[in-house]
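Trainee: The following block contains the structure, expressed as structure tokens.
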Amino acid sequence: MRNLKIIVKYTILIIATIISVFPFLWMIVSATNKSVDVTQGRLLPGSHFFQNLSNLLETADIVPALLNSAKISISTTLLAMLIASLAGYGFEIFQSKAKDIVFNILLLSMMIPFAALMVPLFRMFGFISQTVPIIGIDTLTAVVLPSVTTAFLIFFFRQSTKMFPKDILEAGRIDGLTELGVFFRIYVPTMKTSYAAAAIITFMASWNNYLWPLVVLQSPEKQTIPLLISNLGSSYTPDFGVIMTAIVIATLPAALIFFIMQKHFVAGMMGSVK
């Protein structure tokens, strides 16, 4: 009976692994084949990767798109870590009668789909463009700002702070540290696993963000990598080998960051505090 349970468990795990890995394997294999081979569902590696890469570099400005995505994702991640962790820390550490009301309102904002906010956001940035053009429509800043404060990240950091040993904070205050000193010199180093998990989530969401950049970025030189891939697929005769090559290149930065910080990500999601 015990052997049967083990067989069933590993069979399910193998099936789940195949389902999870197959899209990535197909993507990599397709990047080595011609467009006609991709449309025919060829699952064997080909010899056209460098030709696809050459065609991609000739037909699309992938390097500027990668740089734009990197600027947006890194800026969003750094600002989100600072603002969301400060907010989560404040909600948990400081006592106030109104803080739970404010926090519940923040959580309610998670129920509003982003599609419902696009028109107000666009009009707001359109108004800002008239006075402060550097953060208005068709700027990378306009893509970053709506993503630096999210209710999910504030909730995540508040829940992580619940497990933070409060005695350490009191010891820091007794030693003469200011509240910001306690936060940056004690809280931030101690909560590095939570920061790692939040950074991965934020970076990947920003890197793959498509809808808002599509609305607010209007110049071809400002497009991000998801917009470039979408444009490659919208031509009259799309070259699927080239598209798959672009997708492989676009996947590498996020995958690399995830695998480098995987250990901290798991610990942070489990609420580990060291």
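Simple scheme: letters A, B, ... for chains in structure tokens order, numbers from 1 for residues in each chain, numbers from 1 for ligands in the order shown.
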Can you list, as a PDB file with C-alpha atoms, in the first residue's frame, every protein, DNA or RNA residue that comes within 8 Å of range 67-83 of chain A when you count only C-alpha atoms, leaving out same-chain residues fewer than 2 positions away?
Mentor:
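Full text of out.pdb as output:
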ATOM      1  CA  VAL A  63      18.567  46.251 -27.364  1.00  0.00           C
ATOM      2  CA  PRO A  64      16.823  49.618 -26.670  1.00  0.00           C
ATOM      3  CA  ALA A  65      13.663  47.701 -25.711  1.00  0.00           C
ATOM      4  CA  SER A  85       8.425  48.170   3.391  1.00  0.00           C
ATOM      5  CA  LEU A  86       8.207  51.552   5.135  1.00  0.00           C
ATOM      6  CA  ALA A  87       4.413  51.395   4.935  1.00  0.00           C
ATOM      7  CA  LEU A 140       9.313  55.819 -18.612  1.00  0.00           C
ATOM      8  CA  THR A 141       8.507  57.554 -15.325  1.00  0.00           C
ATOM      9  CA  VAL A 143       5.169  53.552 -16.327  1.00  0.00           C
ATOM     10  CA  VAL A 144       7.064  53.345 -13.034  1.00  0.00           C
ATOM     11  CA  LEU A 145       4.985  55.562 -10.749  1.00  0.00           C
ATOM     12  CA  SER A 147       3.560  50.435  -9.709  1.00  0.00           C
ATOM     13  CA  VAL A 148       5.690  51.661  -6.812  1.00  0.00           C
ATOM     14  CA  THR A 149       2.926  51.401  -4.213  1.00  0.00           C
ATOM     15  CA  THR A 150       0.758  48.312  -4.294  1.00  0.00           C
ATOM     16  CA  LEU A 153       3.380  44.554  -1.177  1.00  0.00           C
ATOM     17  CA  TYR A 195      12.906  41.835   0.531  1.00  0.00           C
ATOM     18  CA  ALA A 198       9.108  40.947  -2.795  1.00  0.00           C
ATOM     19  CA  ALA A 199      11.839  42.085  -5.201  1.00  0.00           C
ATOM     20  CA  THR A 202       7.880  43.093  -8.316  1.00  0.00           C
ATOM     21  CA  PHE A 203      10.658  42.783 -10.897  1.00  0.00           C
ATOM     22  CA  MET A 204       8.936  39.974 -12.809  1.00  0.00           C
ATOM     23  CA  SER A 206       7.211  44.996 -14.027  1.00  0.00           C
ATOM     24  CA  TRP A 207       9.343  43.191 -16.630  1.00  0.00           C
ATOM     25  CA  LYS A 222      10.309  54.062 -25.655  1.00  0.00           C
ATOM     26  CA  GLN A 223       8.767  50.608 -26.178  1.00  0.00           C
ATOM     27  CA  THR A 224       9.527  47.802 -23.749  1.00  0.00           C
ATOM     28  CA  ILE A 225      10.326  44.201 -24.605  1.00  0.00           C
TER      29      ILE A 225
END
Trainee: Quick one: of A:Pro146, A:His48, A:Pro253, A:Ile62, who's nearest to Pro120 in chain A, counting only C-alpha atoms?
Mentor: A:Pro146
Trainee: Might you pull out every residue within 12 Å of Leu121 in chain A, with only C-alpha atoms counted and same-chain residues fewer than 5 positions away left off, and present them as a list in words?
Mentor: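 So the residues in contact are Phe114, Ala115, Ala116, Gly126, Phe127, Ile128, Gly136, Ile137, Ala142, Val143, Leu145, Pro146, Ser147, Trp212, Pro213, Val215 and Val216 of chain A.
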Trainee: Filtering to C-alpha atoms, could you give me those residues as a compact mmCIF listing (two decimals), in the first residue's frame?
Mentor:
# COMPACT_ATOMS: atom_id res chain seq x y z
CA PHE A 114 -6.37 47.72 -13.34
CA ALA A 115 -8.40 48.09 -16.55
CA ALA A 116 -10.84 50.26 -14.56
CA GLY A 126 -2.02 63.79 -19.45
CA PHE A 127 -2.71 66.71 -17.10
CA ILE A 128 0.75 66.34 -15.52
CA GLY A 136 3.89 62.76 -18.14
CA ILE A 137 2.62 60.75 -21.08
CA ALA A 142 4.80 57.34 -16.13
CA VAL A 143 5.17 53.55 -16.33
CA LEU A 145 4.99 55.56 -10.75
CA PRO A 146 1.67 53.60 -10.72
CA SER A 147 3.56 50.43 -9.71
CA TRP A 212 -0.11 50.07 -19.07
CA PRO A 213 3.09 50.60 -21.15
CA VAL A 215 -1.34 52.80 -23.24
CA VAL A 216 1.13 55.37 -21.94
Trainee: Which residue gives the smallest distance to Leu56 in chain A among A:Met261, A:Met118, A:Leu232, A:Ala16, with only C-alpha atoms counted?
Mentor: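 Closest candidate: A:Leu232.
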Trainee: Applying 12 Å and only C-alpha atoms, which residues near Asn231 in chain A remain after dropping the ones on its own chain fewer than 3 positions away? List them as a list in words.
Mentor: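 Once the adjacent positions are removed, what remains is Thr59, Ala60, Asp61, Ile62, Ala65, Tyr210, Leu214, Pro220, Gln223, Thr224, Ile225, Pro226, Leu227, Leu228, Ser234, Ser235, Tyr236, Thr237, Pro238, Asp239, Val242, Ile243 and Ala246 of chain A.
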Trainee: Take the residues that were just selected and, keeping N, CA and C atoms, output them as a PDB file, in the first residue's frame.
Mentor:
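Listed below is the output, part13.pdb:
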ATOM      1  N   THR A  59      15.580  43.428 -37.842  1.00  0.00           N
ATOM      2  CA  THR A  59      14.196  43.883 -38.010  1.00  0.00           C
ATOM      3  C   THR A  59      13.624  44.587 -36.783  1.00  0.00           C
ATOM      4  N   ALA A  60      14.264  44.445 -35.625  1.00  0.00           N
ATOM      5  CA  ALA A  60      13.690  45.019 -34.398  1.00  0.00           C
ATOM      6  C   ALA A  60      14.793  45.634 -33.538  1.00  0.00           C
ATOM      7  N   ASP A  61      14.453  46.711 -32.851  1.00  0.00           N
ATOM      8  CA  ASP A  61      15.395  47.367 -31.931  1.00  0.00           C
ATOM      9  C   ASP A  61      15.287  46.709 -30.556  1.00  0.00           C
ATOM     10  N   ILE A  62      15.791  45.484 -30.470  1.00  0.00           N
ATOM     11  CA  ILE A  62      15.607  44.729 -29.234  1.00  0.00           C
ATOM     12  C   ILE A  62      16.481  45.242 -28.101  1.00  0.00           C
ATOM     13  N   ALA A  65      14.843  48.191 -26.425  1.00  0.00           N
ATOM     14  CA  ALA A  65      13.663  47.701 -25.711  1.00  0.00           C
ATOM     15  C   ALA A  65      14.072  47.010 -24.413  1.00  0.00           C
ATOM     16  N   TYR A 210       2.501  44.699 -19.704  1.00  0.00           N
ATOM     17  CA  TYR A 210       2.187  44.977 -21.110  1.00  0.00           C
ATOM     18  C   TYR A 210       1.122  46.062 -21.270  1.00  0.00           C
ATOM     19  N   LEU A 214       1.625  49.860 -22.955  1.00  0.00           N
ATOM     20  CA  LEU A 214       0.988  49.973 -24.264  1.00  0.00           C
ATOM     21  C   LEU A 214       0.160  51.246 -24.357  1.00  0.00           C
ATOM     22  N   PRO A 220       8.108  54.878 -30.576  1.00  0.00           N
ATOM     23  CA  PRO A 220       8.737  53.571 -30.814  1.00  0.00           C
ATOM     24  C   PRO A 220      10.013  53.364 -30.007  1.00  0.00           C
ATOM     25  N   GLN A 223       9.460  51.881 -26.395  1.00  0.00           N
ATOM     26  CA  GLN A 223       8.767  50.608 -26.178  1.00  0.00           C
ATOM     27  C   GLN A 223       9.597  49.645 -25.330  1.00  0.00           C
ATOM     28  N   THR A 224       8.892  48.818 -24.584  1.00  0.00           N
ATOM     29  CA  THR A 224       9.527  47.802 -23.749  1.00  0.00           C
ATOM     30  C   THR A 224       9.540  46.470 -24.498  1.00  0.00           C
ATOM     31  N   ILE A 225      10.174  45.477 -23.909  1.00  0.00           N
ATOM     32  CA  ILE A 225      10.326  44.201 -24.605  1.00  0.00           C
ATOM     33  C   ILE A 225       8.988  43.497 -24.849  1.00  0.00           C
ATOM     34  N   PRO A 226       8.002  43.534 -23.916  1.00  0.00           N
ATOM     35  CA  PRO A 226       6.710  42.920 -24.262  1.00  0.00           C
ATOM     36  C   PRO A 226       6.023  43.600 -25.450  1.00  0.00           C
ATOM     37  N   LEU A 227       6.169  44.921 -25.546  1.00  0.00           N
ATOM     38  CA  LEU A 227       5.566  45.639 -26.680  1.00  0.00           C
ATOM     39  C   LEU A 227       6.261  45.270 -27.977  1.00  0.00           C
ATOM     40  N   LEU A 228       7.584  45.126 -27.930  1.00  0.00           N
ATOM     41  CA  LEU A 228       8.326  44.753 -29.135  1.00  0.00           C
ATOM     42  C   LEU A 228       7.911  43.360 -29.620  1.00  0.00           C
ATOM     43  N   SER A 234       2.396  40.937 -34.744  1.00  0.00           N
ATOM     44  CA  SER A 234       1.238  41.585 -35.379  1.00  0.00           C
ATOM     45  C   SER A 234       1.455  41.881 -36.859  1.00  0.00           C
ATOM     46  N   SER A 235       2.599  41.479 -37.390  1.00  0.00           N
ATOM     47  CA  SER A 235       2.848  41.724 -38.816  1.00  0.00           C
ATOM     48  C   SER A 235       1.990  40.794 -39.670  1.00  0.00           C
ATOM     49  N   TYR A 236       1.933  41.096 -40.963  1.00  0.00           N
ATOM     50  CA  TYR A 236       1.082  40.308 -41.866  1.00  0.00           C
ATOM     51  C   TYR A 236       1.585  38.883 -42.000  1.00  0.00           C
ATOM     52  N   THR A 237       2.895  38.702 -42.051  1.00  0.00           N
ATOM     53  CA  THR A 237       3.492  37.357 -42.113  1.00  0.00           C
ATOM     54  C   THR A 237       4.538  37.231 -41.000  1.00  0.00           C
ATOM     55  N   PRO A 238       4.115  36.966 -39.789  1.00  0.00           N
ATOM     56  CA  PRO A 238       5.058  36.904 -38.666  1.00  0.00           C
ATOM     57  C   PRO A 238       6.039  35.746 -38.813  1.00  0.00           C
ATOM     58  N   ASP A 239       7.286  36.006 -38.449  1.00  0.00           N
ATOM     59  CA  ASP A 239       8.323  34.969 -38.441  1.00  0.00           C
ATOM     60  C   ASP A 239       8.377  34.404 -37.029  1.00  0.00           C
ATOM     61  N   VAL A 242      11.789  33.981 -35.290  1.00  0.00           N
ATOM     62  CA  VAL A 242      12.299  35.238 -34.750  1.00  0.00           C
ATOM     63  C   VAL A 242      11.565  35.612 -33.477  1.00  0.00           C
ATOM     64  N   ILE A 243      10.251  35.435 -33.465  1.00  0.00           N
ATOM     65  CA  ILE A 243       9.453  35.757 -32.275  1.00  0.00           C
ATOM     66  C   ILE A 243       9.888  34.908 -31.083  1.00  0.00           C
ATOM     67  N   ALA A 246      13.136  36.120 -29.702  1.00  0.00           N
ATOM     68  CA  ALA A 246      12.937  37.320 -28.877  1.00  0.00           C
ATOM     69  C   ALA A 246      12.360  36.953 -27.503  1.00  0.00           C
TER      70      ALA A 246
END
Trainee: Have a look at CA of Ile135 in chain A and CA of Ser109 in chain A and let me know their distance in Å, one decimal.
Mentor: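 Between CA of Ile135 in chain A and CA of Ser109 in chain A the gap is 23.8 Å.
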Trainee: Between A:Phe183, A:Ile201, A:Asn52, A:Asn209, which one has atoms that come closest to Ala31 in chain A, using only C-alpha atoms?
Mentor: A:Asn52
Trainee: What separation in Å, quoted to one decimal, exists between CA of Asn55 in chain A and CA of Met27 in chain A?
Mentor: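 Computing the Euclidean distance for CA of Asn55 in chain A and CA of Met27 in chain A yields 17.3 Å.
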Trainee: Would you list the contacts of Asn33 in chain A as a VMD selection string, taking every protein, DNA or RNA residue within 10 Å and counting only C-alpha atoms, but skipping same-chain residues closer than 6 positions in sequence?
Mentor: chain A and resid 42 to 52 240 to 242 244 to 245
Trainee: Would you compute the distance between CA of Ala151 in chain A and CA of Gly88 in chain A? Give it in Å to one decimal.
Mentor: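 Calculated distance between CA of Ala151 in chain A and CA of Gly88 in chain A is 9.7 Å.
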Trainee: Output as a Markdown table one row per residue of range 135-178 of chain A within 8 Å of range 91-107 of chain A: the closest atom pair and its distance in Å to one decimal place, counting only C-alpha atoms, sorted by chain and residue number ascending.
Mentor:
| residue | atom | partner | partner_atom | distance |
| --- | --- | --- | --- | --- |
| A:Ala151 | CA | A:Leu106 | CA | 5.6 |
| A:Phe152 | CA | A:Leu107 | CA | 7.6 |
| A:Phe155 | CA | A:Leu107 | CA | 7.8 |
| A:Arg158 | CA | A:Glu92 | CA | 5.8 |
| A:Thr161 | CA | A:Glu92 | CA | 6.6 |
| A:Lys162 | CA | A:Glu92 | CA | 6.8 |
Trainee: Using backbone DSSP assignments, extract all helix (DSSP H, G or I) residues from range 72-196 of chain A; output them as a PyMOL selection string.
Mentor: chain A and resi 72-93+99-111+114-131+133-135+140-147+151-162+166-174+179-190+192-196
Trainee: With distances taken over only C-alpha atoms, which residue among A:Ile7, A:Leu66, A:Val248, A:Ala171 lies nearest Pro23 in chain A?
Mentor: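 For Pro23 in chain A, the nearest of the candidates is A:Val248.
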Trainee: Nearest to Gln159 in chain A: which of A:Met124, A:Ile19, A:Leu177, A:Ala84 is it, counting only C-alpha atoms?
Mentor: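 Result for the nearest residue to Gln159 in chain A: A:Ala84.
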